[in-house]
file run-v6.cif (mmCIF, C-alpha atoms and all ligand atoms)
data_run
loop_
_atom_site.label_atom_id
_atom_site.label_comp_id
_atom_site.auth_asym_id
_atom_site.auth_seq_id
_atom_site.Cartn_x
_atom_site.Cartn_y
_atom_site.Cartn_z
CA MET A 1 82.68 183.18 159.28
CA ASN A 2 79.82 181.18 160.62
CA PRO A 3 81.12 178.00 162.22
CA THR A 4 77.75 176.34 161.67
CA ALA A 5 78.20 176.90 157.93
CA ALA A 6 81.24 174.62 157.95
CA LYS A 7 81.00 171.78 155.47
CA PRO A 8 80.55 168.44 157.22
CA ASN A 9 83.87 166.79 157.91
CA THR A 10 83.47 163.50 156.18
CA ALA A 11 87.18 162.70 156.53
CA GLN A 12 88.58 161.22 159.72
CA THR A 13 89.91 163.72 162.24
CA PRO A 14 93.39 164.64 160.98
CA ASP A 15 96.40 163.73 163.08
CA LEU A 16 98.37 166.88 163.94
CA ASP A 17 101.78 165.20 163.58
CA LEU A 18 100.86 163.96 160.10
CA VAL A 19 99.48 167.36 159.14
CA ARG A 20 102.69 169.04 160.30
CA ALA A 21 104.79 166.51 158.40
CA ALA A 22 103.01 167.57 155.21
CA PHE A 23 104.57 171.07 155.49
CA PRO A 24 108.30 170.83 154.66
CA ALA A 25 109.06 174.37 155.83
CA LEU A 26 107.89 173.54 159.36
CA GLN A 27 110.97 171.31 159.67
CA THR A 28 113.32 174.27 159.06
CA GLU A 29 115.90 174.98 161.78
CA VAL A 30 116.37 178.59 162.84
CA HIS A 31 119.36 179.35 165.09
CA GLY A 32 119.53 175.67 166.04
CA HIS A 33 115.83 175.27 166.87
CA GLN A 34 113.00 173.81 164.83
CA VAL A 35 111.03 176.85 163.73
CA ALA A 36 107.84 177.66 165.63
CA TYR A 37 106.06 179.53 162.87
CA PHE A 38 103.58 182.12 164.14
CA ASP A 39 103.63 184.49 161.18
CA ASN A 40 100.72 182.91 159.36
CA ALA A 41 98.81 186.16 158.88
CA ALA A 42 101.74 187.47 156.84
CA THR A 43 102.04 184.28 154.83
CA SER A 44 101.33 180.65 155.53
CA GLN A 45 103.50 177.59 154.83
CA LYS A 46 102.68 175.33 151.90
CA PRO A 47 101.71 171.66 152.10
CA ARG A 48 103.30 168.98 149.90
CA ALA A 49 100.03 168.65 147.97
CA VAL A 50 100.36 172.26 146.74
CA LEU A 51 104.09 172.01 146.02
CA ASP A 52 103.62 168.74 144.13
CA ARG A 53 100.78 170.14 142.04
CA ILE A 54 102.89 173.13 140.97
CA ASP A 55 105.82 170.82 140.24
CA ARG A 56 103.59 168.56 138.11
CA TYR A 57 102.26 171.54 136.18
CA TYR A 58 105.76 172.75 135.31
CA CYS A 59 107.12 169.25 134.62
CA GLU A 60 104.22 167.89 132.57
CA GLU A 61 101.72 170.54 131.47
CA ASN A 62 103.56 173.84 131.07
CA ALA A 63 102.34 175.84 128.07
CA ASN A 64 100.55 179.14 127.56
CA VAL A 65 96.79 179.12 128.05
CA HIS A 66 93.83 179.94 125.78
CA ARG A 67 95.74 180.44 122.56
CA GLY A 68 97.06 177.03 121.56
CA VAL A 69 95.65 174.13 119.58
CA HIS A 70 98.42 171.83 120.74
CA THR A 71 97.82 169.31 123.49
CA MET A 72 99.99 170.85 126.18
CA SER A 73 98.33 174.22 125.76
CA GLN A 74 94.99 172.53 126.08
CA LEU A 75 96.16 170.73 129.24
CA ALA A 76 97.38 174.00 130.72
CA THR A 77 94.12 175.75 129.77
CA GLU A 78 92.06 172.95 131.32
CA ALA A 79 94.10 173.10 134.53
CA TYR A 80 93.92 176.92 134.68
CA GLU A 81 90.19 177.14 133.97
CA GLY A 82 89.68 174.14 136.26
CA ALA A 83 91.35 176.18 139.00
CA ARG A 84 88.82 178.95 138.37
CA GLU A 85 85.97 176.44 138.76
CA ARG A 86 87.59 175.15 141.94
CA LEU A 87 87.90 178.63 143.44
CA ALA A 88 84.28 179.34 142.50
CA SER A 89 83.11 176.26 144.39
CA PHE A 90 85.50 176.98 147.30
CA LEU A 91 84.01 180.46 147.68
CA GLY A 92 80.41 179.49 147.00
CA ALA A 93 80.22 181.66 143.87
CA SER A 94 77.39 180.87 141.48
CA SER A 95 79.67 180.95 138.43
CA SER A 96 83.37 180.77 137.63
CA ARG A 97 82.81 183.90 135.46
CA GLN A 98 82.81 185.79 138.76
CA ILE A 99 86.36 184.71 139.63
CA ILE A 100 89.10 187.02 138.35
CA PHE A 101 92.65 185.91 139.01
CA THR A 102 94.86 188.71 140.30
CA ARG A 103 98.31 188.95 141.90
CA GLY A 104 96.65 188.96 145.31
CA ALA A 105 94.26 190.93 147.48
CA THR A 106 96.19 194.16 146.88
CA GLU A 107 95.90 193.93 143.13
CA ALA A 108 92.23 192.94 143.41
CA ILE A 109 91.45 196.17 145.29
CA ASN A 110 93.54 198.25 142.89
CA LEU A 111 91.64 196.71 139.99
CA LEU A 112 88.34 197.54 141.63
CA ALA A 113 89.39 201.11 142.42
CA ALA A 114 90.59 201.73 138.87
CA SER A 115 87.63 200.10 137.16
CA PHE A 116 84.56 200.18 139.43
CA GLY A 117 85.79 203.47 140.89
CA ALA A 118 86.21 205.08 137.45
CA SER A 119 82.70 206.53 137.59
CA PHE A 120 83.07 207.98 141.12
CA GLY A 121 83.55 211.72 141.42
CA ALA A 122 83.43 214.78 143.66
CA GLY A 123 80.46 214.54 146.00
CA ASP A 124 80.67 210.73 146.14
CA GLU A 125 81.89 208.82 149.19
CA ILE A 126 83.56 205.50 149.97
CA ILE A 127 83.34 204.03 153.46
CA VAL A 128 86.42 202.27 154.83
CA SER A 129 87.39 201.67 158.46
CA ALA A 130 90.22 202.53 160.81
CA MET A 131 91.25 198.86 160.96
CA GLU A 132 91.89 198.45 157.22
CA HIS A 133 95.13 197.08 155.82
CA HIS A 134 96.88 199.71 153.70
CA ALA A 135 95.79 197.64 150.68
CA ASN A 136 92.22 198.77 151.36
CA ILE A 137 93.10 202.40 152.02
CA VAL A 138 95.75 203.58 149.57
CA PRO A 139 94.03 202.49 146.30
CA TRP A 140 90.98 204.50 147.40
CA GLN A 141 93.14 207.49 148.35
CA LEU A 142 94.76 207.39 144.91
CA LEU A 143 91.28 207.26 143.39
CA SER A 144 90.28 210.18 145.59
CA GLU A 145 93.20 212.23 144.26
CA ARG A 146 92.13 211.47 140.69
CA THR A 147 88.38 211.90 141.02
CA GLY A 148 87.60 213.88 144.17
CA VAL A 149 85.66 211.01 145.77
CA LYS A 150 85.84 211.30 149.57
CA LEU A 151 86.87 208.59 152.06
CA ARG A 152 84.77 208.26 155.20
CA VAL A 153 86.28 206.21 158.02
CA VAL A 154 84.38 203.97 160.46
CA PRO A 155 86.06 204.27 163.88
CA VAL A 156 87.19 201.31 165.96
CA THR A 157 86.32 200.73 169.61
CA ASP A 158 89.02 200.12 172.24
CA ASP A 159 88.30 196.37 172.09
CA GLY A 160 89.03 196.46 168.39
CA GLU A 161 85.52 196.23 166.99
CA LEU A 162 83.99 198.35 164.28
CA ASP A 163 81.75 201.06 165.67
CA ILE A 164 78.60 199.88 163.93
CA GLU A 165 76.49 202.83 165.11
CA GLU A 166 78.99 205.20 163.50
CA PHE A 167 78.99 203.04 160.36
CA ARG A 168 75.24 203.45 160.09
CA ILE A 169 75.56 207.20 160.51
CA LEU A 170 78.20 207.36 157.75
CA LEU A 171 76.02 205.45 155.26
CA ASN A 172 74.12 207.91 153.10
CA ASP A 173 72.93 208.54 149.56
CA ARG A 174 76.39 209.79 148.54
CA THR A 175 78.02 206.47 149.48
CA ARG A 176 79.11 204.62 146.34
CA LEU A 177 80.90 201.73 148.04
CA VAL A 178 81.47 200.20 151.47
CA ALA A 179 84.96 198.64 151.52
CA LEU A 180 85.75 196.81 154.77
CA VAL A 181 87.99 194.08 156.03
CA HIS A 182 86.30 190.76 156.85
CA VAL A 183 88.89 189.71 159.47
CA SER A 184 91.47 192.19 160.79
CA ASN A 185 95.08 191.14 160.21
CA SER A 186 96.35 193.17 163.19
CA LEU A 187 93.67 192.41 165.77
CA GLY A 188 91.98 189.23 164.58
CA THR A 189 88.54 190.84 164.90
CA ILE A 190 85.89 189.07 162.83
CA ASN A 191 83.61 191.81 161.60
CA PRO A 192 79.81 191.43 161.54
CA VAL A 193 79.71 191.32 157.77
CA ARG A 194 76.13 190.10 157.40
CA ARG A 195 74.83 193.15 159.29
CA ILE A 196 77.13 195.44 157.34
CA ILE A 197 75.95 194.06 154.00
CA ALA A 198 72.28 194.22 155.05
CA ASP A 199 72.64 197.86 156.16
CA ALA A 200 74.46 198.89 152.97
CA HIS A 201 72.09 197.00 150.70
CA GLY A 202 69.19 198.65 152.50
CA LEU A 203 70.36 201.84 150.79
CA GLY A 204 71.33 200.09 147.54
CA ILE A 205 75.07 200.46 148.24
CA PRO A 206 77.50 197.74 147.08
CA VAL A 207 79.99 196.17 149.49
CA LEU A 208 83.58 194.99 149.03
CA LEU A 209 84.97 192.69 151.70
CA ASP A 210 88.72 192.20 152.01
CA GLY A 211 88.82 188.49 152.80
CA ALA A 212 92.61 188.06 152.87
CA GLN A 213 92.52 186.95 156.53
CA ALA A 214 89.16 185.19 156.39
CA THR A 215 89.53 182.49 153.74
CA PRO A 216 92.40 180.63 155.48
CA HIS A 217 90.33 180.14 158.64
CA ALA A 218 86.69 179.51 157.81
CA PRO A 219 84.43 178.62 154.91
CA VAL A 220 82.82 181.51 153.09
CA ASN A 221 79.77 181.32 150.88
CA LEU A 222 79.72 184.49 148.83
CA LYS A 223 76.39 183.83 147.16
CA GLU A 224 74.72 183.30 150.50
CA LEU A 225 76.55 186.30 151.98
CA ASP A 226 75.24 188.34 149.02
CA VAL A 227 78.42 190.42 149.03
CA ASP A 228 79.11 192.37 145.84
CA PHE A 229 82.90 192.09 145.73
CA TYR A 230 85.36 189.94 147.68
CA CYS A 231 89.11 189.49 147.47
CA LEU A 232 91.72 187.09 148.80
CA SER A 233 95.40 186.16 148.56
CA SER A 234 96.43 182.58 147.84
CA HIS A 235 99.64 182.74 149.88
CA LYS A 236 97.75 183.37 153.11
CA MET A 237 95.68 180.23 152.55
CA PHE A 238 98.53 177.74 151.98
CA GLY A 239 98.83 178.39 148.25
CA PRO A 240 101.65 180.04 146.30
CA THR A 241 102.54 183.74 146.33
CA GLY A 242 101.70 186.13 143.51
CA VAL A 243 98.12 185.03 142.93
CA GLY A 244 94.71 185.79 144.38
CA VAL A 245 91.10 186.41 143.48
CA LEU A 246 88.73 189.28 142.93
CA TYR A 247 85.17 188.00 143.08
CA GLY A 248 82.34 190.18 141.83
CA LYS A 249 78.67 189.84 141.07
CA ALA A 250 78.44 189.16 137.33
CA GLU A 251 76.25 192.14 136.49
CA LEU A 252 78.66 194.50 138.25
CA LEU A 253 81.76 193.01 136.59
CA GLU A 254 80.03 193.19 133.21
CA SER A 255 79.24 196.87 133.71
CA MET A 256 82.84 197.76 134.65
CA PRO A 257 85.41 199.04 132.13
CA PRO A 258 88.57 196.99 131.56
CA TRP A 259 91.55 197.72 133.75
CA GLN A 260 94.82 196.72 132.11
CA GLY A 261 95.03 196.29 128.35
CA GLY A 262 96.84 193.61 126.38
CA GLY A 263 96.47 190.08 125.12
CA ASP A 264 93.61 187.82 126.21
CA MET A 265 91.37 190.61 127.51
CA ILE A 266 90.29 191.58 123.98
CA GLU A 267 87.70 190.27 121.54
CA GLU A 268 89.03 192.11 118.48
CA VAL A 269 91.75 194.71 118.05
CA SER A 270 92.09 197.19 115.21
CA PHE A 271 93.44 200.71 114.96
CA SER A 272 89.92 201.99 114.57
CA GLY A 273 88.98 200.53 117.95
CA THR A 274 89.10 197.47 120.19
CA THR A 275 86.34 195.36 121.63
CA PHE A 276 86.77 193.43 124.82
CA ASN A 277 86.50 189.82 125.92
CA GLU A 278 83.79 188.66 128.30
CA ILE A 279 84.24 188.43 132.06
CA PRO A 280 86.41 187.22 133.68
CA HIS A 281 88.92 187.42 130.81
CA LYS A 282 88.21 191.14 130.29
CA PHE A 283 90.15 191.72 133.52
CA GLU A 284 93.06 189.34 132.90
CA ALA A 285 95.41 191.02 130.44
CA GLY A 286 98.53 189.11 129.40
CA THR A 287 99.81 185.70 130.38
CA PRO A 288 98.41 184.96 133.83
CA ASN A 289 100.06 183.24 136.77
CA ILE A 290 99.00 179.81 135.52
CA ALA A 291 100.99 177.74 138.01
CA GLY A 292 99.86 180.07 140.80
CA ALA A 293 96.16 179.61 140.04
CA ILE A 294 96.58 175.84 139.81
CA GLY A 295 98.51 175.81 143.11
CA MET A 296 95.83 177.94 144.77
CA ALA A 297 93.18 175.45 143.68
CA ALA A 298 95.29 172.64 145.19
CA ALA A 299 95.37 174.64 148.44
CA ALA A 300 91.56 174.86 148.37
CA ASP A 301 91.42 171.07 147.91
CA TYR A 302 93.86 170.62 150.79
CA LEU A 303 91.89 172.82 153.19
CA GLU A 304 88.64 171.05 152.43
CA SER A 305 90.29 167.65 152.77
CA LEU A 306 91.28 168.58 156.34
CA GLY A 307 87.71 169.66 157.04
CA TRP A 308 86.65 173.08 158.28
CA SER A 309 85.28 171.81 161.55
CA TRP A 310 88.68 170.38 162.54
CA ILE A 311 90.50 173.51 161.36
CA GLN A 312 88.19 175.78 163.34
CA GLN A 313 88.32 173.61 166.44
CA GLN A 314 92.10 173.51 166.33
CA GLU A 315 92.45 177.28 165.86
CA LEU A 316 89.96 178.07 168.62
CA ASP A 317 91.90 175.82 170.98
CA LEU A 318 95.19 177.52 170.05
CA LEU A 319 93.70 181.00 170.49
CA GLU A 320 92.26 180.19 173.90
CA TYR A 321 95.40 178.40 175.07
CA ALA A 322 97.75 181.13 173.84
CA THR A 323 95.57 183.90 175.31
CA ALA A 324 95.67 182.16 178.70
CA GLN A 325 99.44 181.52 178.54
CA LEU A 326 100.40 184.98 177.34
CA SER A 327 98.09 186.71 179.82
CA GLN A 328 100.28 185.32 182.64
CA ILE A 329 103.30 187.31 181.46
CA ASP A 330 103.89 190.42 183.57
CA GLY A 331 103.17 193.61 181.72
CA LEU A 332 101.82 191.89 178.58
CA ARG A 333 98.94 193.80 177.06
CA ILE A 334 96.82 192.29 174.29
CA ILE A 335 95.73 194.77 171.63
CA GLY A 336 92.43 193.60 170.17
CA THR A 337 90.08 191.80 172.52
CA ALA A 338 86.89 191.58 170.46
CA PRO A 339 84.69 188.64 171.47
CA LYS A 340 84.73 187.29 167.91
CA LYS A 341 88.35 186.80 166.95
CA ALA A 342 90.41 184.74 164.55
CA ALA A 343 93.57 183.10 165.96
CA VAL A 344 95.66 186.27 166.10
CA ILE A 345 97.20 187.83 169.21
CA SER A 346 98.77 191.26 168.95
CA PHE A 347 100.51 192.46 172.09
CA LEU A 348 103.05 194.69 173.78
CA ILE A 349 105.14 193.90 176.86
CA GLY A 350 105.59 196.91 179.14
CA ALA A 351 107.69 199.54 177.43
CA THR A 352 109.70 197.06 175.34
CA HIS A 353 109.91 197.71 171.61
CA PRO A 354 108.15 195.06 169.47
CA TYR A 355 111.23 194.77 167.26
CA ASP A 356 113.44 193.86 170.25
CA VAL A 357 110.96 191.23 171.44
CA GLY A 358 110.78 189.78 167.93
CA SER A 359 114.57 189.62 167.71
CA VAL A 360 114.87 187.73 171.02
CA LEU A 361 112.21 185.27 169.86
CA ASP A 362 113.96 184.79 166.53
CA ARG A 363 117.14 183.67 168.34
CA LEU A 364 114.94 180.96 169.89
CA GLY A 365 113.58 179.87 166.51
CA ILE A 366 110.21 181.52 167.06
CA ALA A 367 108.80 183.51 164.13
CA VAL A 368 106.43 186.36 164.94
CA ARG A 369 105.76 189.61 163.11
CA THR A 370 106.57 192.98 164.64
CA GLY A 371 105.60 196.48 163.56
CA HIS A 372 102.49 198.18 162.26
CA HIS A 373 101.32 195.23 160.10
CA CYS A 374 100.39 197.64 157.27
CA THR A 375 97.71 199.19 159.50
CA GLN A 376 99.30 202.49 160.53
CA PRO A 377 95.97 204.31 161.10
CA LEU A 378 94.97 201.53 163.51
CA MET A 379 98.26 201.83 165.40
CA LYS A 380 97.66 205.58 165.61
CA HIS A 381 94.21 204.89 167.06
CA TYR A 382 95.85 202.91 169.89
CA GLY A 383 98.69 205.44 170.21
CA ILE A 384 101.36 202.78 169.67
CA PRO A 385 104.11 202.38 167.05
CA GLY A 386 103.28 198.73 166.49
CA THR A 387 102.81 195.38 168.16
CA VAL A 388 104.25 191.90 168.33
CA ARG A 389 101.81 189.66 166.46
CA ALA A 390 101.55 185.90 166.83
CA SER A 391 99.13 184.51 164.25
CA PHE A 392 98.23 180.85 164.52
CA THR A 393 96.90 178.26 162.17
CA PHE A 394 95.82 174.64 162.36
CA TYR A 395 99.37 173.25 162.11
CA ASN A 396 100.55 175.05 165.23
CA SER A 397 100.65 173.13 168.49
CA ARG A 398 100.24 173.82 172.19
CA SER A 399 103.89 172.89 172.76
CA GLU A 400 104.94 175.58 170.29
CA ILE A 401 102.82 178.06 172.25
CA ASP A 402 104.60 176.95 175.44
CA ARG A 403 107.88 177.82 173.70
CA LEU A 404 106.43 181.22 172.77
CA ALA A 405 105.37 181.91 176.35
CA GLU A 406 108.81 180.89 177.70
CA GLY A 407 110.53 183.00 175.04
CA LEU A 408 108.42 185.99 175.99
CA GLN A 409 109.25 185.57 179.68
CA ARG A 410 112.90 185.59 178.70
CA ALA A 411 112.49 188.61 176.42
CA ALA A 412 110.63 190.48 179.17
CA GLN A 413 113.49 189.83 181.65
CA MET A 414 116.23 190.65 179.17
CA LEU A 415 114.65 193.86 177.94
CA ALA A 416 113.27 195.13 181.25
N1 LIG B 501 94.27 192.72 153.35
C1 LIG B 501 94.60 192.16 154.52
C2 LIG B 501 93.60 192.12 155.63
C3 LIG B 501 95.87 191.62 154.69
O1 LIG B 501 96.20 191.07 155.87
C4 LIG B 501 96.79 191.69 153.63
C5 LIG B 501 98.18 191.20 153.81
O2 LIG B 501 98.68 191.12 154.91
C6 LIG B 501 96.39 192.27 152.43
C7 LIG B 501 95.12 192.77 152.33
C8 LIG B 501 97.30 192.34 151.28
O3 LIG B 501 97.55 191.06 150.79
P1 LIG B 501 98.63 190.83 149.63
O4 LIG B 501 99.88 191.48 150.09
O5 LIG B 501 98.73 189.35 149.54
O6 LIG B 501 98.08 191.45 148.40
#
call {"tool": "encode", "arguments": {"input": "run-v6.cif", "output": "structure tokens"}}
result
Amino acid sequence: MNPTAAKPNTAQTPDLDLVRAAFPALQTEVHGHQVAYFDNAATSQKPRAVLDRIDRYYCEENANVHRGVHTMSQLATEAYEGARERLASFLGASSSRQIIFTRGATEAINLLAASFGASFGAGDEIIVSAMEHHANIVPWQLLSERTGVKLRVVPVTDDGELDIEEFRILLNDRTRLVALVHVSNSLGTINPVRRIIADAHGLGIPVLLDGAQATPHAPVNLKELDVDFYCLSSHKMFGPTGVGVLYGKAELLESMPPWQGGGDMIEEVSFSGTTFNEIPHKFEAGTPNIAGAIGMAAAADYLESLGWSWIQQQELDLLEYATAQLSQIDGLRIIGTAPKKAAVISFLIGATHPYDVGSVLDRLGIAVRTGHHCTQPLMKHYGIPGTVRASFTFYNSRSEIDRLAEGLQRAAQMLA
């Protein structure tokens, strides 16, 4: 998440109206109002370019991959493996062999827990943090129940930053993995991942970063970051649902046992024993989400065509503007005020319940998320049941934020 690492924007500065027009769902009317969509951290809307690419795949290329000699199967295979190459370049991986297609970030972490975690046992430790999404807690707890490996939890400061001193204290020769979120979905905090990786690698400990909330907002270069494992979800970065990536260093992926068994992940099957395919196919049993992978690659193309510098500029402006507008509302308290934040604002207004605030906003056509955001331990840390969360992206506008601020004033009066 280093803005200076952004690829140069060779394209002209995009026009916001044209960008918005490329997202059909942004034209949707909700209770008589054009939707103001601020639930991008839960899932983002999809541009025409992604929808058209999926449509073209199903209309012109649909066939199963890898196993056919016929032309359409070869077209589908080329498009699917091309998507892997595209994701590798998007993420700065050195090889497409390091890109495993999964159902999303959740499945990527479950895969890692079941496979990489298979050799963990009693006496071993995994470091997670108090700001993790449940997707980066529960798979490790399930592993803990099976193997006896212990979870150690990095605390969070009141601003919503990782307590790095505590993290350093928790690192020790029993630590088998550090598994932390890159950008917090509930708070927006951008974690200091370079320092975290350097500290862990200093003791020879591998690191998994949950990048579900990072890849929609900034370029990542995984080779340069030197992270061991990384995961993402396509649907949060303007691609289709039901697909994502687990990235791993090749030598680690090669050393890991297969996860699910079935077609495609094998080299040879007999009743006296089965040998397995090479990475990444070893971890992709059965017919994959072909259209999903191709759509995700189209989303990567779309993001880079907009240019990261414009995207980051736009999101910074929205975050600053929304923080200023919302801070004027009586009794509004922002949860998560780390200096390095993605465009996410979680908040509470006085004693009002987040659900009630969200319902008032919905009647005004404003979509926000309410609740614990799949981070119950974090909510417990703050002693709250949940928050209202407005999560912005490049297609949001200042005028939509004005509507949000007015809606919140109204909700505050109605619910007082
Ligand atoms: N990790 C983080 C930080 C998230 O925000 C989410 C979803 O909100 C996930 C993991 C899980 O993603 P998915 O449900 O797409 O697997």
call {"tool": "residues_near_ligand", "arguments": {"input": "run-v6.cif", "ligand": "ligand LIG 501 (chain B)", "cutoff": "8 Å", "atoms": "only C-alpha atoms and all ligand atoms", "output": "PyMOL selection string"}}
result
chain A and resi 41-43+103-108+132-136+181-186+210-213+232-236+241-244+373-374
call {"tool": "closest_residue", "arguments": {"input": "run-v6.cif", "among": "A:Gly239, A:Asn221, A:Ala25, A:Arg20", "to": "Asp301 in chain A", "atoms": "all atoms listed in the file"}}
result
A:Gly239
call {"tool": "atom_distance", "arguments": {"input": "run-v6.cif", "atom1": "CA of Tyr382 in chain A", "atom2": "CA of Asp159 in chain A"}}
result
10.2 Å
call {"tool": "closest_residue", "arguments": {"input": "run-v6.cif", "among": "A:Lys341, A:Arg403, A:His70, A:Lys46", "to": "His33 in chain A", "atoms": "only C-alpha atoms"}}
result
A:Arg403
call {"tool": "atom_distance", "arguments": {"input": "run-v6.cif", "atom1": "CA of Ala324 in chain A", "atom2": "CA of Thr393 in chain A"}}
result
17.0 Å
call {"tool": "atom_distance", "arguments": {"input": "run-v6.cif", "atom1": "CA of Gly32 in chain A", "atom2": "CA of Arg48 in chain A"}}
result
23.8 Å
call {"tool": "residues_near_point", "arguments": {"input": "run-v6.cif", "point": "(105.1, 187.4, 166.8)", "cutoff": "8 Å", "atoms": "all atoms listed in the file", "output": "PyMOL selection string"}}
result
chain A and resi 38-39+346+358+366-370+388-391
call {"tool": "closest_residue", "arguments": {"input": "run-v6.cif", "among": "A:Gln27, A:Asn172, A:Ser115, A:Thr147", "to": "Lys282 in chain A", "atoms": "only C-alpha atoms"}}
result
A:Ser115
call {"tool": "closest_residue", "arguments": {"input": "run-v6.cif", "among": "A:Met379, A:Val269, A:Ala218, A:Ile290", "to": "Gln312 in chain A", "atoms": "all atoms listed in the file"}}
result
A:Ala218
call {"tool": "closest_residue", "arguments": {"input": "run-v6.cif", "among": "A:Leu253, A:Ile126, A:His353, A:Arg176", "to": "His281 in chain A", "atoms": "all atoms listed in the file"}}
result
A:Leu253
call {"tool": "closest_residue", "arguments": {"input": "run-v6.cif", "among": "A:Leu408, A:Leu187, A:Met265, A:Val227", "to": "Ile334 in chain A", "atoms": "only C-alpha atoms"}}
result
A:Leu187
call {"tool": "residues_around", "arguments": {"input": "run-v6.cif", "residues": "Arg152 in chain A", "least_positions_apart": "6", "cutoff": "8 Å", "atoms": "all atoms listed in the file", "output": "list in words"}}
result
Glu125, Ile126, Ile127, Val128, Ser129 and Leu170 of chain A
call {"tool": "write_last_selection", "arguments": {"input": "run-v6.cif", "atoms": "C-alpha atoms", "output": "JSON list (two decimals), in the frame of the given file"}}
result
[["chain", "number", "residue", "atom", "x", "y", "z"],
["A", 125, "GLU", "CA", 81.89, 208.82, 149.19],
["A", 126, "ILE", "CA", 83.56, 205.50, 149.97],
["A", 127, "ILE", "CA", 83.34, 204.03, 153.46],
["A", 128, "VAL", "CA", 86.42, 202.27, 154.83],
["A", 129, "SER", "CA", 87.39, 201.67, 158.46],
["A", 170, "LEU", "CA", 78.20, 207.36, 157.75]]
call {"tool": "residues_around", "arguments": {"input": "run-v6.cif", "residues": "Asp124 in chain A", "least_positions_apart": "5", "cutoff": "8 Å", "atoms": "all atoms listed in the file", "output": "VMD selection string"}}
result
chain A and resid 148 to 150 174 to 176
call {"tool": "residues_near_point", "arguments": {"input": "run-v6.cif", "point": "(93.0, 168.9, 151.8)", "cutoff": "12 Å", "atoms": "all atoms listed in the file", "output": "MDAnalysis selection string"}}
result
chainID A and resid 9:12 14 19 22 46:50 90 237:239 296:308 310:311
